[in-house]
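Participant: Got model38.txt for you, compact mmCIF, C-alpha atoms:
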# COMPACT_ATOMS: atom_id res chain seq x y z
CA MET A 384 11.67 7.28 -8.48
CA THR A 385 8.02 6.79 -7.60
CA THR A 386 5.95 9.95 -7.07
CA ARG A 387 2.46 10.63 -5.78
CA ARG A 388 1.23 10.46 -9.37
CA ASP A 389 2.43 6.86 -9.48
CA LEU A 390 0.76 6.09 -6.17
CA LEU A 391 -2.72 6.71 -7.54
CA LYS A 392 -1.97 5.10 -10.89
CA PHE A 393 -0.69 2.01 -9.12
CA GLY A 394 -3.58 2.10 -6.69
CA ALA A 395 -6.00 1.78 -9.58
CA LEU A 396 -4.05 -1.21 -10.85
CA ALA A 397 -4.03 -2.80 -7.42
CA THR A 398 -7.82 -3.07 -7.38
CA ALA A 399 -7.63 -5.50 -10.28
CA ALA A 400 -5.95 -8.02 -8.01
CA ALA A 401 -9.30 -9.24 -6.73
CA ALA A 402 -9.83 -11.31 -9.84
CA LEU A 403 -6.64 -13.21 -9.08
CA PRO A 404 -5.98 -15.89 -6.46
CA ALA A 405 -5.38 -14.64 -2.93
CA PHE A 406 -2.04 -16.15 -2.01
CA ALA A 407 -0.49 -17.28 1.22
CA SER A 408 -2.18 -15.15 3.81
CA SER A 409 -1.60 -16.35 7.36
CA ALA A 410 -5.20 -17.51 7.39
CA SER A 411 -4.82 -19.62 4.25
CA VAL A 412 -1.55 -21.49 4.73
CA GLY A 413 -2.48 -23.68 7.64
CA ASN A 414 -1.07 -21.43 10.35
CA ALA A 415 -2.81 -21.89 13.67
CA ILE A 416 -4.71 -18.65 14.24
CA PRO A 417 -6.37 -18.45 17.65
CA LYS A 418 -9.88 -17.12 17.97
CA ALA A 419 -10.33 -13.59 19.24
CA ALA A 420 -11.53 -13.13 22.81
CA LYS A 421 -14.67 -11.40 21.53
CA PRO A 422 -16.18 -11.80 18.05
CA LEU A 423 -16.83 -8.51 16.27
CA ARG A 424 -19.18 -7.38 13.54
CA ILE A 425 -16.77 -5.85 11.02
CA LEU A 426 -17.76 -3.73 8.03
CA ILE A 427 -15.04 -3.36 5.41
CA LEU A 428 -15.54 -0.58 2.87
CA GLY A 429 -13.87 -1.98 -0.24
CA GLY A 430 -12.54 -5.36 0.78
CA THR A 431 -11.83 -6.90 -2.62
CA GLY A 432 -8.69 -5.00 -3.65
CA PHE A 433 -5.14 -5.61 -2.49
CA THR A 434 -5.17 -5.78 1.32
CA GLY A 435 -8.91 -6.19 1.85
CA PRO A 436 -9.04 -9.94 1.21
CA PHE A 437 -6.23 -10.45 3.73
CA GLN A 438 -8.26 -8.53 6.29
CA VAL A 439 -11.32 -10.64 5.51
CA GLU A 440 -9.58 -14.01 5.71
CA TYR A 441 -7.80 -13.14 8.93
CA ALA A 442 -10.97 -11.75 10.49
CA LEU A 443 -12.88 -14.90 9.60
CA ALA A 444 -10.12 -17.07 11.04
CA ARG A 445 -10.30 -15.05 14.25
CA GLY A 446 -14.04 -15.74 14.49
CA HIS A 447 -15.44 -12.36 13.42
CA LYS A 448 -18.51 -11.70 11.29
CA VAL A 449 -17.53 -9.77 8.15
CA THR A 450 -19.53 -7.56 5.80
CA THR A 451 -18.01 -5.90 2.75
CA PHE A 452 -19.39 -2.92 0.87
CA ASN A 453 -18.28 -2.06 -2.67
CA ARG A 454 -19.54 -1.75 -6.23
CA GLY A 455 -19.69 -5.51 -6.67
CA ARG A 456 -17.47 -5.54 -9.73
CA ARG A 457 -15.07 -8.08 -8.25
CA PRO A 458 -17.10 -10.47 -6.09
CA ILE A 459 -14.98 -13.15 -4.43
CA ALA A 460 -16.88 -16.38 -4.93
CA GLU A 461 -14.77 -18.50 -2.57
CA TRP A 462 -16.03 -16.50 0.40
CA GLY A 463 -19.47 -17.95 -0.22
CA ASP A 464 -21.87 -17.28 2.63
CA ARG A 465 -19.01 -16.69 5.07
CA VAL A 466 -19.02 -13.00 4.08
CA GLU A 467 -21.98 -10.70 3.54
CA GLN A 468 -21.20 -8.71 0.40
CA LEU A 469 -23.23 -5.48 0.12
CA ILE A 470 -23.41 -3.47 -3.11
CA GLY A 471 -23.32 0.29 -3.53
CA ASP A 472 -21.28 3.12 -5.00
CA ARG A 473 -19.62 5.82 -2.91
CA THR A 474 -18.82 7.81 -6.05
CA THR A 475 -22.52 8.45 -6.66
CA GLY A 476 -23.51 8.50 -2.99
CA ASP A 477 -25.38 5.20 -3.17
CA LEU A 478 -24.98 3.93 0.38
CA LYS A 479 -28.50 2.61 0.82
CA ALA A 480 -27.27 -0.89 1.61
CA LEU A 481 -25.67 0.46 4.79
CA GLU A 482 -28.78 2.20 6.11
CA GLY A 483 -30.39 0.84 9.26
CA ARG A 484 -27.44 -1.44 10.05
CA GLU A 485 -24.95 -1.54 12.92
CA TRP A 486 -21.37 -2.80 13.19
CA ASP A 487 -18.77 -2.79 15.92
CA VAL A 488 -16.01 -1.78 13.52
CA CYS A 489 -15.72 -0.11 10.12
CA ILE A 490 -12.48 -0.38 8.10
CA ASP A 491 -12.24 2.11 5.25
CA ASN A 492 -9.73 0.89 2.67
CA PRO A 493 -10.14 2.75 -0.66
CA THR A 494 -10.90 6.38 0.25
CA SER A 495 -8.84 9.25 -1.18
CA LEU A 496 -11.67 11.82 -1.19
CA PRO A 497 -13.06 13.63 1.87
CA TYR A 498 -16.68 13.43 0.72
CA TRP A 499 -16.51 9.65 0.80
CA VAL A 500 -15.72 9.82 4.52
CA ARG A 501 -18.40 12.46 5.08
CA ASP A 502 -21.09 10.42 3.34
CA ALA A 503 -20.12 7.23 5.17
CA GLY A 504 -20.16 9.10 8.46
CA GLN A 505 -23.63 10.47 7.82
CA VAL A 506 -25.05 7.02 7.12
CA LEU A 507 -23.14 5.23 9.87
CA ALA A 508 -23.51 7.90 12.59
CA GLY A 509 -24.12 6.12 15.89
CA LYS A 510 -24.05 2.79 14.08
CA VAL A 511 -20.29 2.06 14.26
CA GLY A 512 -18.21 1.92 17.40
CA HIS A 513 -14.73 2.16 15.87
CA TYR A 514 -13.60 3.54 12.50
CA LEU A 515 -10.22 2.59 10.98
CA PHE A 516 -8.98 4.54 7.98
CA ILE A 517 -6.12 3.59 5.65
CA SER A 518 -4.28 6.78 4.80
CA THR A 519 -0.72 7.20 3.47
CA ILE A 520 2.65 8.72 4.38
CA SER A 521 1.99 11.09 1.47
CA VAL A 522 -0.04 13.18 3.91
CA TYR A 523 3.17 14.69 5.29
CA ALA A 524 3.94 18.20 4.14
CA ASP A 525 7.67 17.67 3.68
CA GLY A 526 8.74 14.34 2.20
CA THR A 527 12.41 15.24 2.46
CA LYS A 528 12.49 14.94 6.26
CA HIS A 529 14.08 11.82 7.74
CA GLY A 530 12.58 9.98 10.69
CA MET A 531 9.13 11.55 10.31
CA ASP A 532 6.76 10.52 13.06
CA GLU A 533 3.01 10.84 13.21
CA ASP A 534 3.16 14.38 14.58
CA ALA A 535 4.95 15.83 11.55
CA PRO A 536 3.06 18.66 9.75
CA LEU A 537 0.54 17.56 7.14
CA ALA A 538 0.11 18.70 3.55
CA VAL A 539 -2.23 21.65 3.09
CA TYR A 540 -5.05 21.70 0.56
CA LYS A 541 -4.91 24.81 -1.62
CA GLY A 542 -7.96 24.27 -3.79
CA LYS A 543 -11.37 25.92 -3.58
CA ASP A 544 -13.55 23.16 -2.16
CA ALA A 545 -12.17 19.81 -0.99
CA MET A 546 -15.65 18.30 -0.80
CA ALA A 547 -16.15 19.02 -4.49
CA GLU A 548 -13.04 17.12 -5.53
CA THR A 549 -13.69 13.93 -7.47
CA ARG A 550 -11.55 11.06 -8.63
CA GLU A 551 -11.27 12.80 -12.00
CA THR A 552 -10.00 16.07 -10.53
CA LEU A 553 -7.65 14.12 -8.27
CA VAL A 554 -6.13 12.22 -11.18
CA ALA A 555 -5.77 15.45 -13.16
CA ASP A 556 -3.60 17.02 -10.43
CA ILE A 557 -2.41 14.06 -8.40
CA GLU A 558 0.94 15.57 -7.45
CA ASN A 559 -0.71 18.47 -5.64
CA LEU A 560 -3.94 16.86 -4.43
CA TYR A 561 -3.21 13.31 -3.30
CA GLY A 562 -1.53 14.07 0.02
CA PRO A 563 -3.71 17.06 1.00
CA LEU A 564 -6.96 15.23 0.22
CA LYS A 565 -5.84 12.21 2.23
CA ALA A 566 -5.01 14.54 5.11
CA LEU A 567 -8.46 16.14 4.87
CA SER A 568 -10.03 12.67 4.73
CA GLU A 569 -8.31 11.93 8.03
CA ALA A 570 -9.71 15.14 9.50
CA GLU A 571 -13.18 14.28 8.24
CA ALA A 572 -12.90 10.87 9.89
CA HIS A 573 -12.39 12.56 13.26
CA LYS A 574 -15.26 14.95 12.53
CA GLN A 575 -17.66 12.13 11.70
CA PHE A 576 -16.58 9.45 14.18
CA GLY A 577 -15.07 11.45 17.04
CA LYS A 578 -12.35 9.95 19.20
CA ASN A 579 -13.02 6.35 18.15
CA VAL A 580 -10.81 6.64 15.07
CA THR A 581 -7.63 4.88 13.99
CA ILE A 582 -5.55 6.36 11.17
CA VAL A 583 -3.05 4.00 9.52
CA ARG A 584 -0.45 5.53 7.19
CA PRO A 585 1.36 2.93 5.08
CA GLY A 586 4.18 3.57 2.64
CA TYR A 587 4.82 0.98 -0.07
CA ILE A 588 2.54 -2.04 0.35
CA VAL A 589 3.99 -5.17 -1.27
CA GLY A 590 3.63 -8.93 -1.54
CA PRO A 591 1.19 -11.37 -3.18
CA ARG A 592 -1.74 -9.72 -4.99
CA ASP A 593 0.27 -6.53 -5.66
CA GLU A 594 -0.66 -5.63 -9.21
CA THR A 595 1.47 -2.46 -9.25
CA ASP A 596 4.82 -4.25 -9.72
CA ARG A 597 6.50 -1.51 -7.68
CA PHE A 598 8.41 -3.93 -5.47
CA THR A 599 7.85 -6.97 -7.68
CA TYR A 600 10.25 -5.44 -10.18
CA TRP A 601 13.18 -6.25 -7.92
CA PRO A 602 12.76 -10.01 -7.24
CA LYS A 603 11.56 -10.48 -10.81
CA ARG A 604 14.61 -8.71 -12.26
CA ILE A 605 17.06 -10.32 -9.85
CA ALA A 606 15.67 -13.76 -10.64
CA GLN A 607 16.57 -13.13 -14.29
CA GLY A 608 20.24 -12.76 -13.32
CA GLY A 609 23.00 -11.07 -15.31
CA GLU A 610 24.14 -7.53 -14.56
CA VAL A 611 21.57 -5.72 -12.41
CA MET A 612 21.69 -1.96 -11.93
CA LEU A 613 21.32 -0.80 -8.35
CA PRO A 614 20.66 2.89 -7.70
CA GLY A 615 22.99 4.95 -5.55
CA ASP A 616 25.67 3.53 -3.29
CA GLY A 617 23.48 0.78 -1.88
CA LEU A 618 23.03 2.49 1.49
CA ASP A 619 19.77 4.35 0.83
CA PRO A 620 17.03 3.08 3.16
CA ILE A 621 13.93 1.38 1.76
CA GLN A 622 10.66 0.71 3.58
CA VAL A 623 8.02 -1.79 2.50
CA ILE A 624 5.25 -3.64 4.29
CA ASP A 625 3.72 -6.96 3.27
CA GLY A 626 0.01 -6.46 2.58
CA ARG A 627 -0.76 -9.43 4.83
CA ASP A 628 1.07 -7.86 7.77
CA LEU A 629 -0.84 -4.63 7.25
CA GLY A 630 -4.25 -6.26 6.82
CA GLU A 631 -3.92 -8.63 9.76
CA TRP A 632 -2.59 -5.93 12.09
CA MET A 633 -5.62 -3.76 11.34
CA ILE A 634 -7.89 -6.56 12.51
CA ARG A 635 -5.89 -6.78 15.73
CA LEU A 636 -6.17 -3.00 16.17
CA ALA A 637 -9.93 -3.39 15.86
CA GLU A 638 -10.00 -6.24 18.38
CA ASN A 639 -8.03 -4.19 20.89
CA GLY A 640 -9.99 -1.00 20.29
CA THR A 641 -6.72 0.78 19.57
CA THR A 642 -7.15 4.37 18.40
CA GLY A 643 -4.62 6.94 17.26
CA VAL A 644 -2.39 7.57 14.27
CA PHE A 645 0.26 5.11 13.10
CA ASN A 646 2.89 4.95 10.36
CA ALA A 647 2.58 1.41 8.97
CA CYS A 648 6.02 1.16 7.40
CA GLY A 649 8.42 -1.74 7.62
CA PRO A 650 10.49 -3.58 8.43
CA ASP A 651 11.58 -3.21 12.05
CA TYR A 652 15.20 -2.68 11.03
CA THR A 653 17.02 -0.51 8.50
CA LEU A 654 16.62 -2.13 5.09
CA THR A 655 19.11 -0.65 2.62
CA THR A 656 19.02 -0.97 -1.15
CA ASP A 657 21.87 -3.48 -1.00
CA ALA A 658 20.21 -5.50 1.75
CA MET A 659 16.97 -5.60 -0.25
CA ALA A 660 18.76 -6.72 -3.42
CA HIS A 661 20.82 -9.39 -1.69
CA GLY A 662 17.76 -10.51 0.26
CA CYS A 663 15.92 -11.07 -3.02
CA HIS A 664 18.95 -12.86 -4.46
CA ALA A 665 19.10 -15.17 -1.46
CA VAL A 666 15.64 -16.37 -2.50
CA THR A 667 16.09 -16.48 -6.27
CA GLY A 668 19.70 -17.72 -6.49
CA GLY A 669 21.62 -17.86 -9.76
CA PRO A 670 24.64 -15.97 -11.14
CA ILE A 671 24.35 -12.20 -10.87
CA LYS A 672 26.39 -9.01 -10.83
CA PHE A 673 25.16 -5.90 -9.03
CA THR A 674 26.40 -2.57 -10.37
CA HIS A 675 25.86 0.64 -8.41
CA VAL A 676 25.02 3.71 -10.48
CA PRO A 677 24.89 7.17 -8.85
CA ALA A 678 21.53 8.80 -8.31
CA GLU A 679 22.50 11.82 -10.41
CA PHE A 680 23.41 9.62 -13.37
CA ILE A 681 20.15 7.69 -13.07
CA ALA A 682 18.16 10.94 -12.98
CA LYS A 683 20.04 12.27 -16.00
CA HIS A 684 19.07 9.17 -17.99
CA GLU A 685 15.47 9.22 -16.69
CA ALA A 686 15.61 5.70 -15.34
CA ASP A 687 12.71 5.13 -12.91
CA MET A 688 14.14 2.85 -10.24
CA THR A 689 10.97 1.92 -8.44
CA VAL A 690 10.50 1.95 -4.63
CA TRP A 691 13.97 3.46 -4.12
CA GLN A 692 14.53 7.09 -3.20
CA PRO A 693 17.96 8.70 -2.75
CA ARG A 694 18.44 9.73 0.86
CA GLU A 695 19.20 13.27 -0.30
CA GLY A 696 18.08 15.38 -3.24
CA SER A 697 14.56 14.03 -3.80
CA PRO A 698 11.20 15.49 -2.68
CA TYR A 699 10.60 12.02 -1.21
CA SER A 700 14.01 11.34 0.35
CA GLY A 701 12.36 10.76 3.72
CA TYR A 702 10.13 7.95 2.47
CA GLY A 703 12.79 5.34 3.25
CA ASP A 704 13.06 5.90 6.99
CA VAL A 705 9.72 7.03 8.34
CA SER A 706 9.40 6.29 12.06
CA ASN A 707 7.36 3.17 12.76
CA ALA A 708 8.06 3.03 16.50
CA ARG A 709 4.48 3.88 17.46
CA ALA A 710 3.01 1.18 15.20
CA ILE A 711 5.42 -1.46 16.51
CA ALA A 712 4.48 -0.54 20.07
CA ALA A 713 0.86 -1.06 19.03
CA GLY A 714 1.56 -4.60 17.85
CA LEU A 715 2.60 -4.27 14.20
CA THR A 716 4.83 -7.20 13.23
CA PHE A 717 6.63 -8.10 10.02
CA ARG A 718 7.24 -11.44 8.37
CA PRO A 719 10.76 -11.97 7.01
CA LEU A 720 11.65 -10.36 3.68
CA ALA A 721 12.49 -13.82 2.33
CA THR A 722 8.93 -14.97 3.03
CA THR A 723 7.45 -11.96 1.25
CA VAL A 724 9.75 -12.42 -1.76
CA THR A 725 9.12 -16.18 -1.96
CA ASP A 726 5.34 -15.82 -1.77
CA LEU A 727 5.30 -12.83 -4.10
CA LEU A 728 7.24 -14.69 -6.79
CA GLY A 729 5.04 -17.75 -6.36
CA TRP A 730 1.91 -15.67 -6.84
CA TYR A 731 3.39 -13.65 -9.70
CA ARG A 732 4.47 -16.76 -11.59
CA SER A 733 0.91 -18.06 -11.38
CA LEU A 734 -0.28 -15.14 -13.52
CA PRO A 735 -0.73 -15.42 -17.31
CA ALA A 736 2.47 -15.17 -19.35
CA GLU A 737 1.33 -11.98 -21.06
CA ARG A 738 0.81 -10.32 -17.67
CA GLN A 739 4.28 -11.36 -16.51
CA ALA A 740 5.74 -9.86 -19.68
CA GLU A 741 4.47 -6.39 -18.72
CA THR A 742 6.64 -3.76 -17.07
CA ARG A 743 4.26 -1.79 -14.87
CA ALA A 744 6.98 -0.27 -12.70
CA GLY A 745 10.73 0.07 -12.87
CA ILE A 746 12.62 0.01 -16.16
CA THR A 747 12.77 -2.35 -19.10
CA ARG A 748 15.78 -4.57 -19.68
CA GLU A 749 16.59 -2.46 -22.71
CA LYS A 750 16.60 0.76 -20.67
CA GLU A 751 18.71 -0.84 -17.98
CA ALA A 752 21.27 -2.04 -20.54
CA GLU A 753 21.36 1.43 -22.09
CA VAL A 754 22.09 3.15 -18.77
CA LEU A 755 24.66 0.55 -17.73
CA LYS A 756 26.46 0.91 -21.03
CA ALA A 757 26.59 4.68 -20.63
CA TRP A 758 27.82 4.36 -17.05
CA HIS A 759 30.61 1.96 -17.94
CA ALA A 760 31.61 4.21 -20.84
CA GLN A 761 31.80 7.23 -18.54
CA LYS A 762 33.88 5.35 -16.01
CA GLY A 763 36.25 4.35 -18.81
Starting from the file, give its structure as structure tokens.
Facilitator:
Amino acid sequence: MTTRRDLLKFGALATAAAALPAFASSASVGNAIPKAAKPLRILILGGTGFTGPFQVEYALARGHKVTTFNRGRRPIAEWGDRVEQLIGDRTTGDLKALEGREWDVCIDNPTSLPYWVRDAGQVLAGKVGHYLFISTISVYADGTKHGMDEDAPLAVYKGKDAMAETRETLVADIENLYGPLKALSEAEAHKQFGKNVTIVRPGYIVGPRDETDRFTYWPKRIAQGGEVMLPGDGLDPIQVIDGRDLGEWMIRLAENGTTGVFNACGPDYTLTTDAMAHGCHAVTGGPIKFTHVPAEFIAKHEADMTVWQPREGSPYSGYGDVSNARAIAAGLTFRPLATTVTDLLGWYRSLPAERQAETRAGITREKEAEVLKAWHAQKG
């Protein structure tokens, strides 16, 4: 079961995706994307990680002018002069490249620390009309609650000084700090940018360019065939959102000037563990046998079944059915699971063989076989 500690670990991995080919965004597969009614000047803080490139490509296709700001460690050459790529470092407070500039919209992708929002706000005060911040459902105080909407209580910071927290202190105590610091980053956004703020809270972001392997584990494993262990009774809900759906929707939020707080979780129906597994199998094909193993047995054998959470008994049991009604009403749409799985596997299989051999999330085949053997033995 994935915890907040995994979220940050995987987030660090996800940034490495920029060195790999962007794959099958709506803007890059020949889909007819109409121009926006009004072109915007969009500043994207980050922009070269997981979802950022999807935002950039979609914004360009819609006729917007895009500027990115990051440390410049992963420049995307194929953007050429279509994108202005500014260099700086929010960790050290080097935001000089942003001084004296104005944009209609600022999208803040990578922030987990309140002082990053504070510093950006101080430089961009009066220079940005609309600020969009990617947060997380980890901001909620009680992850066991089902059907959480955007008004649910938020996690409370219990440290001495949130503005003194750094990436190092966050990593050292991720379980206790990740959600509260994200919540305080949201509050700082409102402090710095007033009412013209949009807070987007995703859960698991998946699809092409996802270097975490959190969801990739499932289509990859199912494509291998044989006996596949499924956690629980198959009825636990799972929520995922394709990074392209998230990135493109944020551009539309910017175009519409939509403010507020939104849970960006998908899909727009109840996706159970069984439905997810069979949906992957419908894409991969091949002989397979799914075996359900109870959550208690999986926990006893310390088998980390990624993305899944049991609907009862976990601190994160509510992560599978967070309310997304408000986001859907604000225009969030979802491509079919089959499309996400197909494109994800296509992208993943384009990676070097040694990368594909890694197990960054989920369990190894050896661990799976061990737990299945023990389960069958117990059943007699």
Participant: Please provide as a PyMOL selection string all residues within 9 Å of range 517-525 of chain A, with the sequence filter that same-chain residues fewer than 5 positions apart are discarded (counting only C-alpha atoms).
Facilitator: chain A and resi 387+490-495+531+533+535-539+561-569+581-586+646-648+698-699+701-702+705
Participant: For CA of Arg627 in chain A and CA of Leu715 in chain A, determine how far apart the two atoms are, in Å to one decimal place.
Facilitator: 11.2 Å
Participant: What is the distance, in Å and to one decimal place, between CA of Thr431 in chain A and CA of Trp730 in chain A?
Facilitator: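 CA of Thr431 in chain A sits 16.8 Å away from CA of Trp730 in chain A.
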Participant: Let me make sure I understand: among A:Lys672, A:His447, A:Arg465, A:Arg550, which one has the smallest atom-to-atom distance to Gly609 in chain A if we use only C-alpha atoms?
Facilitator: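 Closest to Gly609 in chain A of all the choices is A:Lys672.
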Participant: Just checking: using only C-alpha atoms, which residue out of A:Thr434, A:Gln622, A:Asn559, A:Gln468 ends up closest to Lys448 in chain A?
Facilitator: A:Gln468
Participant: Of the residues A:Asp593, A:Asp651, A:Glu571, A:Asp472, which is the one nearest to Gly435 in chain A, using all atoms listed in the file?
Facilitator: A:Asp593
Participant: Find the distance between CA of Val439 in chain A and CA of Val690 in chain A and write it in Å to one decimal.
Facilitator: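 Between CA of Val439 in chain A and CA of Val690 in chain A the gap is 27.2 Å.
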Participant: Would you pick out the contacts of Thr450 in chain A at 6 Å or less, using all atoms listed in the file, so that residues sharing its chain but fewer than 3 positions from it are not included, and give the list as a PyMOL selection string?
Facilitator: chain A and resi 426+466-468
Participant: Env of Thr674 in chain A: 8 Å cut, atoms = only C-alpha atoms, seq-sep filter 5 positions within chain, self excluded. Answer as an MDAnalysis selection string.
Facilitator: chainID A and resid 610:613
Participant: Ranking A:Phe452, A:Thr747, A:Ile711, A:Gly432 by minimum distance to Lys603 in chain A and counting all atoms listed in the file, which one comes first?
Facilitator: A:Thr747
Participant: Compare A:Ile459, A:Val488, A:Ala508, A:Met659 by their minimum atom-to-atom distance to Met633 in chain A, counting only C-alpha atoms, and give me the closest one.
Facilitator: A:Val488
Participant: When you look at range 748-754 of chain A with a cut-off of 7 Å (counting only C-alpha atoms), what residues show up, excluding the ones that are within fewer than 3 positions of it in the same chain? I need them as number ranges by chain.
Facilitator: A: 612, 684, 757-758
Participant: With distances taken over all atoms listed in the file, which residue among A:Pro436, A:Gly630, A:Gly429, A:Gly512 lies nearest Gly471 in chain A?
Facilitator: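 That would be A:Gly429, the residue with the smallest distance to Gly471 in chain A.
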Participant: Please complete range 651-665 of chain A so it has N, CA, C and O atoms, and hand it over as a compact mmCIF listing (two decimals), in the coordinates of the input.
Facilitator:
# COMPACT_ATOMS: atom_id res chain seq x y z
N ASP A 651 11.20 -3.74 10.74
CA ASP A 651 11.58 -3.21 12.05
C ASP A 651 13.09 -3.12 12.20
O ASP A 651 13.63 -3.23 13.29
N TYR A 652 13.76 -2.93 11.07
CA TYR A 652 15.20 -2.68 11.03
C TYR A 652 15.47 -1.83 9.80
O TYR A 652 14.58 -1.63 8.97
N THR A 653 16.69 -1.32 9.67
CA THR A 653 17.02 -0.51 8.50
C THR A 653 17.31 -1.42 7.32
O THR A 653 18.27 -2.20 7.33
N LEU A 654 16.46 -1.35 6.31
CA LEU A 654 16.62 -2.13 5.09
C LEU A 654 17.22 -1.21 4.03
O LEU A 654 16.56 -0.29 3.57
N THR A 655 18.46 -1.47 3.65
CA THR A 655 19.11 -0.65 2.62
C THR A 655 18.84 -1.25 1.24
O THR A 655 18.36 -2.38 1.10
N THR A 656 19.17 -0.48 0.22
CA THR A 656 19.02 -0.97 -1.15
C THR A 656 19.82 -2.25 -1.35
O THR A 656 19.31 -3.22 -1.94
N ASP A 657 21.05 -2.27 -0.87
CA ASP A 657 21.87 -3.48 -1.00
C ASP A 657 21.26 -4.66 -0.26
O ASP A 657 21.22 -5.78 -0.78
N ALA A 658 20.80 -4.41 0.96
CA ALA A 658 20.21 -5.50 1.75
C ALA A 658 18.96 -6.05 1.06
O ALA A 658 18.72 -7.27 1.05
N MET A 659 18.15 -5.15 0.49
CA MET A 659 16.97 -5.60 -0.25
C MET A 659 17.36 -6.45 -1.44
O MET A 659 16.80 -7.54 -1.67
N ALA A 660 18.35 -5.99 -2.23
CA ALA A 660 18.76 -6.72 -3.42
C ALA A 660 19.34 -8.08 -3.06
O ALA A 660 19.00 -9.10 -3.68
N HIS A 661 20.22 -8.12 -2.08
CA HIS A 661 20.82 -9.39 -1.69
C HIS A 661 19.80 -10.31 -1.00
O HIS A 661 19.89 -11.53 -1.12
N GLY A 662 18.82 -9.70 -0.32
CA GLY A 662 17.76 -10.51 0.26
C GLY A 662 16.92 -11.19 -0.82
O GLY A 662 16.55 -12.36 -0.69
N CYS A 663 16.64 -10.47 -1.89
CA CYS A 663 15.92 -11.07 -3.02
C CYS A 663 16.77 -12.17 -3.66
O CYS A 663 16.27 -13.26 -4.00
N HIS A 664 18.07 -11.89 -3.81
CA HIS A 664 18.95 -12.86 -4.46
C HIS A 664 19.09 -14.13 -3.63
O HIS A 664 19.24 -15.24 -4.18
N ALA A 665 19.03 -13.98 -2.31
CA ALA A 665 19.10 -15.17 -1.46
C ALA A 665 17.93 -16.11 -1.72
O ALA A 665 18.05 -17.32 -1.54
